[in-house]
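Novice: Encoded as structure tokens, here's the structure I'll be asking about.
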Amino acid sequence: MPTKKEDMYGDHISHQFNDDLSQLKSDFLDMGGLVEQQTIDAVNALIDGDSDAADEIRARDKVVDRMEMTLDEEATRLIARRQPAARDLRFVISVIKMVSDLERVGDEAKKIAKFALTLAEEGQAPRGYVEVRHIGNHVTTMLHDALDAFSRLDAHQALKIMREDKRVDEEYQAATRTLLTFMMEDTRNISRCMSVLWVLRALERVGDHACNIAENVIYMVEGEDVRHTPVEEAEKVVGR
Amino acid sequence: MTDRNTQAEIIRQSLKRRYRKERRFRAYGILAIAIALSALVVLFVDIIGKGHTAFIKTTVTLEVDIDPEMMYLDDATDERQLRMADFVEPLVQALLREVPGATEANRDAVRDLLNPYASNQLRDALKENPELLGTTQTMTFLTHTNVDVYVKHAGDEDYSIKLSDRQQAWVDQLLDKGVIETSFNDVLFSRGDSRDPSRAGILGAIVGSLLTMFVTLILSFPIGVAAAIYLEEFAPQNRFTDFIEVNINNLAAVPSIIFGLLGLAVFINLFGMPRSVPLVGGLVLTLMTLPTIIISSRAAIKSVPPSIREAAEGIGASKMQVVLHHVLPLALPGMLTGSIIGMAQALGETAPLLLIGMVAFIVDVPDGFLDSATVLPVQVFLWAGSPELAFIERASAAIMVLLAFLISMNALAIWLRKRLERRW
Amino acid sequence: MSTMNTLKPAVDKEVGASRDTVVPAHEERPESAVIEEAKTVGKPFSDDPKFKLRNVEVFYGQDRAIKNISLDIARNEVIAFIGPSGCGKSTFLRCLNRMNDSIDICRVRGSLLLDDQNIYDSKRDVVELRARVGMVFQKPNPFPKSIYDNVAYGPRIHGLANRKSDLDDIVENSLRKAGLWDEAKDRLDATATGMSGGQQQRLCIARAIAISPEVILMDEPCSALDPIATAKVEELIAEMSESYTIVIVTHSMQQAARVSHRTAYFHLGHLVEVNETNKVFTAPEHELTESYITGRFG
């Protein structure tokens, strides 16, 4: 749809303002890319039982934290110095919120890496990592799409992600039930299954954060807050 | 691109040029002012040089033996006897007593030292005070104009001394004895015009000028201000008002003598008003001053900031209230200044007054708006045209008085403006 | 005339060019941003209007400075008019108490009702209108009189106080409401022009409220003031909004955002958008409003 909106931060009278906004945007996308990669790597490290990779991921979370602080500072400075209004204001506010979502995603990746280490010591879980692989793929795609929707200011794509979130929740429920049966079958599995369960839980959280980002993108583009509202409402907002 | 240093050098070069230009321009300005000032100095030096002696009078103080027999006068209360009596003889005798070496044979030459009106002065004194008859009184009389000129201008080539050598010697001796003295000329400020220069004064002209100015002020200020307010605030903007405006501006440039002709035709010939009176003079000068006052008042009204008008309108003042409460008080200093300068102009005006007969020879000080009068500039004009040098010096004195009036009026204008001007 | 008459701002070279704005070279308005005449976006109407303005047009000679504007101004609301220079916001404001009357070439068309009475009725007395609709101007313009006389002038000419004590009360109350009493009470006889700019402007507000108007029009009241004085005037506007309807024209968008309940965006004589101020400054509906508010032109 609106190709002109791609350049929506590029036509202020003040070039400085333009530069500040695009700097904020590209820094945010950098952080998003890093966090996405962290999640993918964490899931892979878990599946492959690669404890070196897991260590690396845990170390890299520091970078994510630093990026969060940088972005917050940039956003604060922009508000203080430029007093953004309307879509610029929504953009900056959304970035501030989405940055904390990204940072949480980074934390979740770190958590997954931690369980990857534990599981690498304990050995493979009885059922393997089918659910982890599946849900992991799903949520990283969602995260990727959310960042993509942000960079293109595409509310429709953001809406899709909100819908996807429901599916992730369902998949998570199903996976939990499956793992429960395994635990009931053999109590020796409990410890490892619990670890997998935690990983799944973390992945589900990543999905939630991706969904939050999508909601913020819709707010940014349409100016309407769609959090805590049924998806149908959000559809109406975007459909306008 | 020029690098910084060369650019600074270029600017420094051009700066020098600019400052040179500025200095040259300033020099031109100073030169212009110097020329104007020196012209003014020449004028003042000339006028004061010529006129300062007019402020001095020459008098002779005599022991007058008021002898009834000598005067053929028995009763100083009898009008008829007073008219017939000889008042010259006691004065001549008194003077003969003072002049060393003068005898009865010189009586004509001695008499000519005295002012011709001295005998009138003696008569007036007796008429007022009949008991003086038969006594000896010390009295001070004006000398003859010729003596006056000799005392003040002996040795001055411009003045012809009309006294004989013997008379001159007498006067010198009398001066040494203190019988003939010089003192401040109060006559100049206490009398009207006269054929005799030493008895001619400018009081009549001053009073005439004041009366004329009074009429002019009373008429032109209200009419001018009212016209200006109407034109500026109320008149619609159309061809008719444009026409009026153009005509007012034109009137300001019309030669003043035309106004004199107008006054002659309208006030005197048409309305049958008397000639030579301050009322008509005032009317004519009103016509002449009106355009000046209207133009300066309009400028003053225009300079009232629109924000004040808006403020008053914004709280619901009517047009009239805006004008009376706000515009007028703020424009008043400007209006007054314009009016005073217009009045000063009118004060110095001669030409239109010549045409309505204010150029007549009038001895008496006028005592009303319908009494024949003359004004200061016309008096100057009359005296300046006189062949007698003694009148010329009085003309210069009159000019000085006129200038003093003008300067004080302009000073008043400046003071009023400073005083009334309010900042906004 | 056709309501479908769409105008591209770039084509429309009226007013804007002649005013003081220097148009930056990169100022290119969004191509898609088209103003549809008489189609104001947002909520221009109110249930309880103080002013009911319909199809208002103002002409300066041949120029149409205000183009078919319809708007309600609600009772006791603060509404801000914003827009680029020459957009007609001041002209429109001045229609509300007929301050345009003194400009010969200015003509006003349409229906302008104050409490359902026509403002431009030929029988209507403009003095009475201005007593009800007060005005505060861009430059503080106190009369060159004493502080007391400035405030007392309105009540005096309208005959609102018969006794000196009544007048004193009005002056005190007005100065109190304008937040100037404490600063001015000891020097009521001092000339008003000796006060600071901010004090002068608050004095002008006191002068306007001394005749108890129902509406106060403010034409860029803070443009000549420093930030502290501006803050005081804004504070005053907030307090006054309880008892007056206030219409404020401002060049400062932050000011509009701070003081107003509703904001109206004008563009080249059109009323583009009217909305709750919150809405206008977070999510404006019209492309042009958005561009102006975010500093893309103006």
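Labeling convention for the structure tokens: chains A, B, ... as they appear, residues from 1 per chain, ligands from 1 in order of appearance.
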Write out as a PyMOL selection string the set of residues from range 213-344 of chain B that DSSP, computed on the backbone, places in alpha helix (DSSP H).
Specialist: chain B and resi 213-229+239-252+256-263+278-302+306-314+319-321+328-344
Novice: Excluding Ala210 in chain A and residues on its chain fewer than 2 positions from it, collect all residues at most 10 Å away from it, counting only C-alpha atoms, and give them as an MDAnalysis selection string.
Specialist: chainID A and resid 98 101:102 105 139:147 158 161:162 164:165 204:208 212:216
Novice: Select residues of chain C: the criterion is any atom within 6 Å of an atom of chain B, counting only C-alpha atoms; output as a list in words.
Specialist: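 For chain C, the answer reads Val127, Arg130, Ala131, Gly134, Met135, Asn141 and Pro144 of chain C.
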Novice: Report the closest atom pair, with its distance in Å rounded to one decimal, for each residue of chain A that has an atom no farther than 8 Å from chain C; count only C-alpha atoms, sort by chain and then rising residue number, and write it as a tab-separated table.
Specialist:
```
residue	atom	partner	partner_atom	distance
A:Asp11	CA	C:Arg296	CA	6.0
A:His12	CA	C:Arg296	CA	4.1
A:Ile13	CA	C:Arg296	CA	5.3
A:Ser14	CA	C:Gly295	CA	7.8
A:Pro84	CA	C:Thr294	CA	6.4
A:Ala85	CA	C:Thr294	CA	5.2
A:Ala86	CA	C:Thr282	CA	4.0
A:Arg87	CA	C:Ala283	CA	6.5
A:Asp88	CA	C:Thr294	CA	6.6
A:Leu89	CA	C:Thr282	CA	6.7
A:Arg90	CA	C:Thr282	CA	6.7
A:Glu222	CA	C:Ala283	CA	7.6
A:Gly223	CA	C:Ala283	CA	4.9
A:Glu224	CA	C:Ala283	CA	7.8
```
Novice: What would the file look like if the residues just selected were written as a PDB file, in the first residue's frame with C-alpha atoms?
Specialist:
```pdb
ATOM      1  CA  ASP A  11      10.625  15.695   4.670  1.00  0.00           C
ATOM      2  CA  HIS A  12      10.843  18.036   7.627  1.00  0.00           C
ATOM      3  CA  ILE A  13      11.963  21.594   7.164  1.00  0.00           C
ATOM      4  CA  SER A  14      14.693  20.826   9.660  1.00  0.00           C
ATOM      5  CA  PRO A  84       7.806  15.908  18.003  1.00  0.00           C
ATOM      6  CA  ALA A  85       4.067  15.974  17.335  1.00  0.00           C
ATOM      7  CA  ALA A  86       1.536  13.727  15.656  1.00  0.00           C
ATOM      8  CA  ARG A  87       3.128  10.906  13.695  1.00  0.00           C
ATOM      9  CA  ASP A  88       6.624  11.858  14.800  1.00  0.00           C
ATOM     10  CA  LEU A  89       5.483  11.776  18.393  1.00  0.00           C
ATOM     11  CA  ARG A  90       3.809   8.416  17.901  1.00  0.00           C
ATOM     12  CA  GLU A 222      -2.928   4.741  12.317  1.00  0.00           C
ATOM     13  CA  GLY A 223      -2.787   6.718  15.534  1.00  0.00           C
ATOM     14  CA  GLU A 224      -5.124   4.350  17.294  1.00  0.00           C
TER      15      GLU A 224
END
```
Novice: Could you list, as a ChimeraX atom specification, every residue within 9 Å of Val215 in chain B, counting only C-alpha atoms and ignoring same-chain residues fewer than 6 positions away?
Specialist: /B:278-283,285-286,369
Novice: Grab the residues selected above and save them as a PDB file, in the first residue's frame with N, CA and C atoms.
Specialist:
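The file below, part_28.pdb, is the result:
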```pdb
ATOM      1  N   PRO B 278      -7.118  94.737  13.522  1.00  0.00           N
ATOM      2  CA  PRO B 278      -6.586  93.408  13.846  1.00  0.00           C
ATOM      3  C   PRO B 278      -7.566  92.284  13.505  1.00  0.00           C
ATOM      4  N   LEU B 279      -8.857  92.551  13.604  1.00  0.00           N
ATOM      5  CA  LEU B 279      -9.835  91.494  13.326  1.00  0.00           C
ATOM      6  C   LEU B 279      -9.666  90.977  11.904  1.00  0.00           C
ATOM      7  N   VAL B 280      -9.629  91.928  10.950  1.00  0.00           N
ATOM      8  CA  VAL B 280      -9.492  91.511   9.554  1.00  0.00           C
ATOM      9  C   VAL B 280      -8.117  90.887   9.320  1.00  0.00           C
ATOM     10  N   GLY B 281      -7.103  91.489   9.939  1.00  0.00           N
ATOM     11  CA  GLY B 281      -5.763  90.924   9.818  1.00  0.00           C
ATOM     12  C   GLY B 281      -5.746  89.486  10.311  1.00  0.00           C
ATOM     13  N   GLY B 282      -6.381  89.266  11.467  1.00  0.00           N
ATOM     14  CA  GLY B 282      -6.444  87.928  12.033  1.00  0.00           C
ATOM     15  C   GLY B 282      -7.164  86.962  11.105  1.00  0.00           C
ATOM     16  N   LEU B 283      -8.262  87.445  10.508  1.00  0.00           N
ATOM     17  CA  LEU B 283      -9.020  86.590   9.595  1.00  0.00           C
ATOM     18  C   LEU B 283      -8.159  86.174   8.404  1.00  0.00           C
ATOM     19  N   LEU B 285      -4.888  86.110   8.200  1.00  0.00           N
ATOM     20  CA  LEU B 285      -3.812  85.198   8.619  1.00  0.00           C
ATOM     21  C   LEU B 285      -4.369  83.819   8.957  1.00  0.00           C
ATOM     22  N   THR B 286      -5.613  83.756   9.451  1.00  0.00           N
ATOM     23  CA  THR B 286      -6.252  82.464   9.691  1.00  0.00           C
ATOM     24  C   THR B 286      -6.317  81.668   8.392  1.00  0.00           C
ATOM     25  N   PHE B 369     -10.050  95.043  18.929  1.00  0.00           N
ATOM     26  CA  PHE B 369      -9.923  94.321  17.663  1.00  0.00           C
ATOM     27  C   PHE B 369     -10.383  95.162  16.482  1.00  0.00           C
TER      28      PHE B 369
END
```
Novice: Counting only C-alpha atoms, what is within 12 Å of Val63 in chain A, bar same-chain residues fewer than 3 positions away, as a list in words?
Specialist: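 Everything that qualifies: Asp30, Met31, Leu34, Val35, Gln38, Glu56, Ile57, Arg58, Ala59, Arg60, Arg66, Met67, Glu68, Met69, Thr70, Glu103, Gly106, Asp107 and Lys110 of chain A.
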Novice: Please provide the set of residues having any atom within 9 Å of range 217-222 of chain C, restricted to only C-alpha atoms, with same-chain residues fewer than 5 positions apart removed, written as a VMD selection string.
Specialist: chain C and resid 90 93 to 94 96 to 97 133 to 140 198 201 227 229 to 231 233 to 234 245 to 252
Novice: So that I can check the surroundings of Val375 in chain B, please list as a ChimeraX atom specification every protein, DNA and RNA residue that reaches within 6 Å of it, counting only C-alpha atoms and ignoring chain neighbours fewer than 2 positions away.
Specialist: /B:205,208-209,377-378
Novice: Take the selection from the previous step and output its residues with N, CA and C atoms, as a PDB file, in the first residue's frame.
Specialist:
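Done, and the output landed in selection14.pdb:
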```pdb
ATOM      1  N   ALA B 205       2.779  98.469  17.565  1.00  0.00           N
ATOM      2  CA  ALA B 205       2.921  97.318  16.678  1.00  0.00           C
ATOM      3  C   ALA B 205       2.835  96.017  17.457  1.00  0.00           C
ATOM      4  N   GLY B 208      -0.726  95.455  18.358  1.00  0.00           N
ATOM      5  CA  GLY B 208      -1.434  95.080  17.123  1.00  0.00           C
ATOM      6  C   GLY B 208      -1.148  93.636  16.755  1.00  0.00           C
ATOM      7  N   SER B 209       0.130  93.244  16.849  1.00  0.00           N
ATOM      8  CA  SER B 209       0.490  91.865  16.530  1.00  0.00           C
ATOM      9  C   SER B 209      -0.207  90.893  17.467  1.00  0.00           C
ATOM     10  N   PRO B 377       6.003  93.160  11.868  1.00  0.00           N
ATOM     11  CA  PRO B 377       6.729  93.098  10.598  1.00  0.00           C
ATOM     12  C   PRO B 377       6.400  94.289   9.687  1.00  0.00           C
ATOM     13  N   VAL B 378       5.150  94.766   9.741  1.00  0.00           N
ATOM     14  CA  VAL B 378       4.793  95.916   8.916  1.00  0.00           C
ATOM     15  C   VAL B 378       5.518  97.157   9.423  1.00  0.00           C
TER      16      VAL B 378
END
```
Novice: For a test of reading the model, state the distance in Å between CA of Lys39 in chain C and CA of Lys67 in chain C, rounded to one decimal.
Specialist: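 CA of Lys67 in chain C lies at a distance of 10.7 Å from CA of Lys39 in chain C.
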Novice: Let's see if you can do this: from backbone DSSP, list all strand (DSSP E or B) residues in range 25-191 of chain C, as a VMD selection string.
Specialist: chain C and resid 35 to 36 41 to 42 49 to 60 63 to 74 78 to 82 106 to 114 117 to 118 133 to 136 146 191
Novice: Create the file for the chosen residues now, containing N, CA and C atoms and written as a compact mmCIF listing (two decimals), in the first residue's frame.
Specialist:
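The file below, again.txt, is the result:
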```txt
# COMPACT_ATOMS: atom_id res chain seq x y z
N ILE C 35 -7.33 19.96 -0.49
CA ILE C 35 -8.34 20.52 0.40
C ILE C 35 -9.66 20.54 -0.35
N GLU C 36 -10.61 19.94 0.25
CA GLU C 36 -11.94 20.04 -0.34
C GLU C 36 -12.67 21.14 0.37
N VAL C 41 -12.47 18.39 8.18
CA VAL C 41 -12.29 17.08 8.78
C VAL C 41 -12.43 17.22 10.29
N GLY C 42 -12.91 16.19 10.95
CA GLY C 42 -12.95 16.20 12.41
C GLY C 42 -14.31 16.59 12.94
N PRO C 49 -23.42 25.46 21.13
CA PRO C 49 -22.53 26.47 20.54
C PRO C 49 -22.75 27.87 21.10
N LYS C 50 -21.64 28.56 21.35
CA LYS C 50 -21.71 29.98 21.67
C LYS C 50 -21.74 30.74 20.35
N PHE C 51 -20.82 30.41 19.50
CA PHE C 51 -20.81 30.93 18.14
C PHE C 51 -21.26 29.83 17.20
N LYS C 52 -22.14 30.18 16.30
CA LYS C 52 -22.55 29.23 15.27
C LYS C 52 -22.22 29.90 13.95
N LEU C 53 -21.21 29.41 13.28
CA LEU C 53 -20.70 30.08 12.08
C LEU C 53 -20.92 29.15 10.90
N ARG C 54 -21.64 29.64 9.92
CA ARG C 54 -21.95 28.78 8.78
C ARG C 54 -21.60 29.46 7.46
N ASN C 55 -20.86 28.73 6.64
CA ASN C 55 -20.52 29.18 5.29
C ASN C 55 -19.95 30.60 5.28
N VAL C 56 -19.01 30.83 6.19
CA VAL C 56 -18.44 32.17 6.30
C VAL C 56 -17.40 32.38 5.20
N GLU C 57 -17.53 33.51 4.53
CA GLU C 57 -16.54 33.88 3.52
C GLU C 57 -16.14 35.32 3.77
N VAL C 58 -14.84 35.60 3.65
CA VAL C 58 -14.37 36.97 3.81
C VAL C 58 -13.59 37.35 2.56
N PHE C 59 -13.91 38.53 2.06
CA PHE C 59 -13.22 39.02 0.87
C PHE C 59 -12.43 40.27 1.21
N TYR C 60 -11.20 40.33 0.72
CA TYR C 60 -10.46 41.59 0.72
C TYR C 60 -10.45 42.06 -0.73
N ASP C 63 -9.92 39.36 -3.39
CA ASP C 63 -9.35 38.14 -2.81
C ASP C 63 -10.30 37.50 -1.81
N ARG C 64 -10.43 36.18 -1.96
CA ARG C 64 -11.26 35.47 -1.01
C ARG C 64 -10.35 34.95 0.09
N ALA C 65 -10.34 35.64 1.21
CA ALA C 65 -9.39 35.30 2.27
C ALA C 65 -9.89 34.14 3.12
N ILE C 66 -11.20 34.04 3.28
CA ILE C 66 -11.79 32.95 4.05
C ILE C 66 -12.77 32.25 3.12
N LYS C 67 -12.60 30.92 3.00
CA LYS C 67 -13.35 30.21 1.97
C LYS C 67 -14.35 29.24 2.57
N ASN C 68 -15.55 29.72 2.71
CA ASN C 68 -16.65 28.84 3.07
C ASN C 68 -16.35 27.99 4.30
N ILE C 69 -16.24 28.65 5.42
CA ILE C 69 -15.92 27.95 6.66
C ILE C 69 -17.16 27.80 7.52
N SER C 70 -17.38 26.61 8.05
CA SER C 70 -18.45 26.40 9.00
C SER C 70 -17.85 25.83 10.28
N LEU C 71 -18.23 26.41 11.39
CA LEU C 71 -17.60 26.01 12.66
C LEU C 71 -18.51 26.41 13.81
N ASP C 72 -18.54 25.58 14.83
CA ASP C 72 -19.18 25.97 16.09
C ASP C 72 -18.09 26.20 17.12
N ILE C 73 -18.29 27.23 17.94
CA ILE C 73 -17.39 27.43 19.07
C ILE C 73 -18.24 27.22 20.31
N ALA C 74 -17.87 26.22 21.10
CA ALA C 74 -18.73 25.83 22.21
C ALA C 74 -18.61 26.79 23.38
N VAL C 78 -11.91 26.52 25.21
CA VAL C 78 -10.78 27.26 24.66
C VAL C 78 -10.48 26.61 23.32
N ILE C 79 -10.65 27.39 22.26
CA ILE C 79 -10.35 26.83 20.95
C ILE C 79 -9.19 27.60 20.37
N ALA C 80 -8.23 26.86 19.82
CA ALA C 80 -7.04 27.50 19.25
C ALA C 80 -7.12 27.43 17.74
N PHE C 81 -6.78 28.55 17.10
CA PHE C 81 -6.67 28.56 15.64
C PHE C 81 -5.19 28.51 15.30
N ILE C 82 -4.80 27.50 14.55
CA ILE C 82 -3.40 27.45 14.13
C ILE C 82 -3.34 27.36 12.61
N CYS C 106 -12.95 45.16 3.15
CA CYS C 106 -13.22 43.84 3.69
C CYS C 106 -14.73 43.57 3.73
N ARG C 107 -15.16 42.46 3.13
CA ARG C 107 -16.58 42.11 3.19
C ARG C 107 -16.73 40.71 3.79
N VAL C 108 -17.77 40.52 4.56
CA VAL C 108 -18.00 39.22 5.21
C VAL C 108 -19.33 38.67 4.73
N ARG C 109 -19.32 37.41 4.36
CA ARG C 109 -20.55 36.76 3.92
C ARG C 109 -20.80 35.51 4.75
N GLY C 110 -22.05 35.05 4.78
CA GLY C 110 -22.36 33.84 5.52
C GLY C 110 -23.11 34.18 6.79
N SER C 111 -23.36 33.15 7.57
CA SER C 111 -24.16 33.38 8.77
C SER C 111 -23.27 33.22 9.99
N LEU C 112 -23.17 34.30 10.77
CA LEU C 112 -22.36 34.26 11.99
C LEU C 112 -23.27 34.58 13.16
N LEU C 113 -23.56 33.58 13.97
CA LEU C 113 -24.50 33.77 15.06
C LEU C 113 -23.78 33.69 16.41
N LEU C 114 -24.06 34.69 17.24
CA LEU C 114 -23.59 34.63 18.63
C LEU C 114 -24.84 34.44 19.47
N GLN C 117 -27.95 35.04 17.61
CA GLN C 117 -28.23 36.36 17.04
C GLN C 117 -27.15 36.67 16.01
N ASN C 118 -27.59 37.24 14.90
CA ASN C 118 -26.66 37.49 13.82
C ASN C 118 -25.70 38.63 14.18
N VAL C 133 -17.92 40.54 23.34
CA VAL C 133 -16.81 39.78 22.79
C VAL C 133 -15.55 40.64 22.88
N GLY C 134 -14.77 40.44 23.93
CA GLY C 134 -13.57 41.25 24.14
C GLY C 134 -12.42 40.75 23.30
N MET C 135 -11.38 41.56 23.24
CA MET C 135 -10.25 41.17 22.40
C MET C 135 -8.93 41.54 23.04
N VAL C 136 -7.95 40.66 22.88
CA VAL C 136 -6.59 40.91 23.33
C VAL C 136 -5.69 40.77 22.10
N SER C 146 -2.79 55.68 33.33
CA SER C 146 -2.42 54.91 34.50
C SER C 146 -3.00 53.50 34.42
N THR C 191 1.99 54.93 35.17
CA THR C 191 1.57 54.71 33.78
C THR C 191 1.80 53.26 33.40
```
Novice: What does the distance from CA of Val132 in chain A to CA of Glu108 in chain A come to in Å, to one decimal?
Specialist: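 About the pair CA of Val132 in chain A and CA of Glu108 in chain A: they are 13.6 Å apart.
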Novice: Interatomic distance between CA of Glu36 in chain A and CA of Glu235 in chain A?
Specialist: 26.4 Å
